[in-house]
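Let me begin by presenting the structure, written as structure tokens, before commenting on it.
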Amino acid sequence: MAKYAHDLVYDAAVDYIINNANSLRVCSADILTGGVPDYAKVTGAAALTGPVAVIPGNFTKQDGVTSGRRATMAPKIDIHVTLTGVADYVCLVNTTATRVLWATECVSQNLVSGNNVTVPTWDIEFRDPT
């Protein structure tokens with residue numbers, strides 16, 4: 001056995017996201033500062049949608065698809081697009097702590113201000129060490 005982590009370790013990470021993410025943003029590619037997602041960009045100039053409320057009930061915690069544990073985010077339907085641009089990221093943020101908790105690439109697509117976009121179900125997975 002080279003490496004091991006109990007599921008409770010992954011559950012702690014999953015629970016942190018579930019209990020602290022309170023907003024979702026769809027963003028353009030310009031979210032990074034120094035290689036790290038920048039809260040001001042994610043909630044400002046790079047945000048193509050307004051804030052979308054996120055609550056713990058939007059997530060399902062379960063075994064990972066490959067291994068470990070995951071949180072499955074329920075779809076967010078008909079999100080109002082506030083800025084025309086190319087969507088490249090979906091980000092979960094905590095607006096109280098001004099932190100980006102999770103950022104993931106999405107299928108790149110052109111969004112037009114005034115239209116709506118849907119973010120389908122997606123997973124945040126923490127895999128077992130190898």
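Numbering starts fresh at 1 for the residues of each chain in the structure tokens, the chains themselves are lettered A, B, ... in the order given, and ligands are numbered from 1 as they appear.
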
Notebook entry, point to check: Which polymer residues have any atom within 10 Å of an atom of segment 87-99 of chain A, counting only C-alpha atoms, with same-chain residues fewer than 4 positions away left out, as JSON, numbers by chain?
Noted result: {"A": [17, 18, 19, 20, 21, 22, 23, 24, 25, 26, 27, 28, 29, 30, 31, 37, 38, 39, 40, 42, 43, 46, 47, 48, 49, 51, 52, 53, 54, 103, 104, 105, 106, 107, 108, 109, 110, 111, 117, 119]}

Next item on the list: Give the strand (DSSP E or B) residues of chain A, as assigned by DSSP on the backbone, as number ranges by chain.
Entry: A: 23-27, 32-33, 36-37, 47, 49, 52-53, 59-63, 69-73, 76-81, 85-94, 99-111, 116-119, 122-126

Checklist line | Neighbour list for Thr66 of chain A as a list of chain:residue names, cut-off 9 Å, only C-alpha atoms, skip fewer than 3 positions in-chain | finding: A:Asp63, A:Arg69, A:Glu125, A:Arg127, A:Asp128

Next item on the list: Could you check how far atom CA of Asp123 of chain A sits from atom CA of Leu83 of chain A, in Å to one decimal?
Entry: 25.8 Å

Check: Taking only C-alpha atoms into account, which of A:Gly68, A:Gly34, A:Pro120, A:Gly85 comes nearest Ala5 of chain A?
Finding: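 Ranking A:Gly68, A:Gly34, A:Pro120, A:Gly85 by distance to Ala5 of chain A, first place goes to A:Gly68.
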
Margin query: If you run DSSP on the backbone here, which positions in segment 5-127 of chain A get helix (DSSP H, G or I)? Please write them as number ranges by chain.
Written below: A: 7-20, 39-42, 56-58

Margin query: Applying 9 Å and only C-alpha atoms, which residues near Gly114 of chain A remain after dropping the ones on its own chain fewer than 4 positions away? List them as a ChimeraX atom specification.
Written below: /A:80-84

Print the selection's residues with C-alpha atoms to a file, as an mmCIF file, in the first residue's frame.
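The resulting file, part.cif, is shown below:
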data_model
loop_
_atom_site.group_PDB
_atom_site.id
_atom_site.type_symbol
_atom_site.label_atom_id
_atom_site.label_comp_id
_atom_site.auth_asym_id
_atom_site.auth_seq_id
_atom_site.Cartn_x
_atom_site.Cartn_y
_atom_site.Cartn_z
ATOM 1 C CA HIS A 80 -29.754 35.307 -17.230
ATOM 2 C CA VAL A 81 -26.725 36.367 -19.299
ATOM 3 C CA THR A 82 -25.658 39.917 -18.388
ATOM 4 C CA LEU A 83 -22.555 40.297 -20.589
ATOM 5 C CA THR A 84 -21.851 39.070 -24.125
#
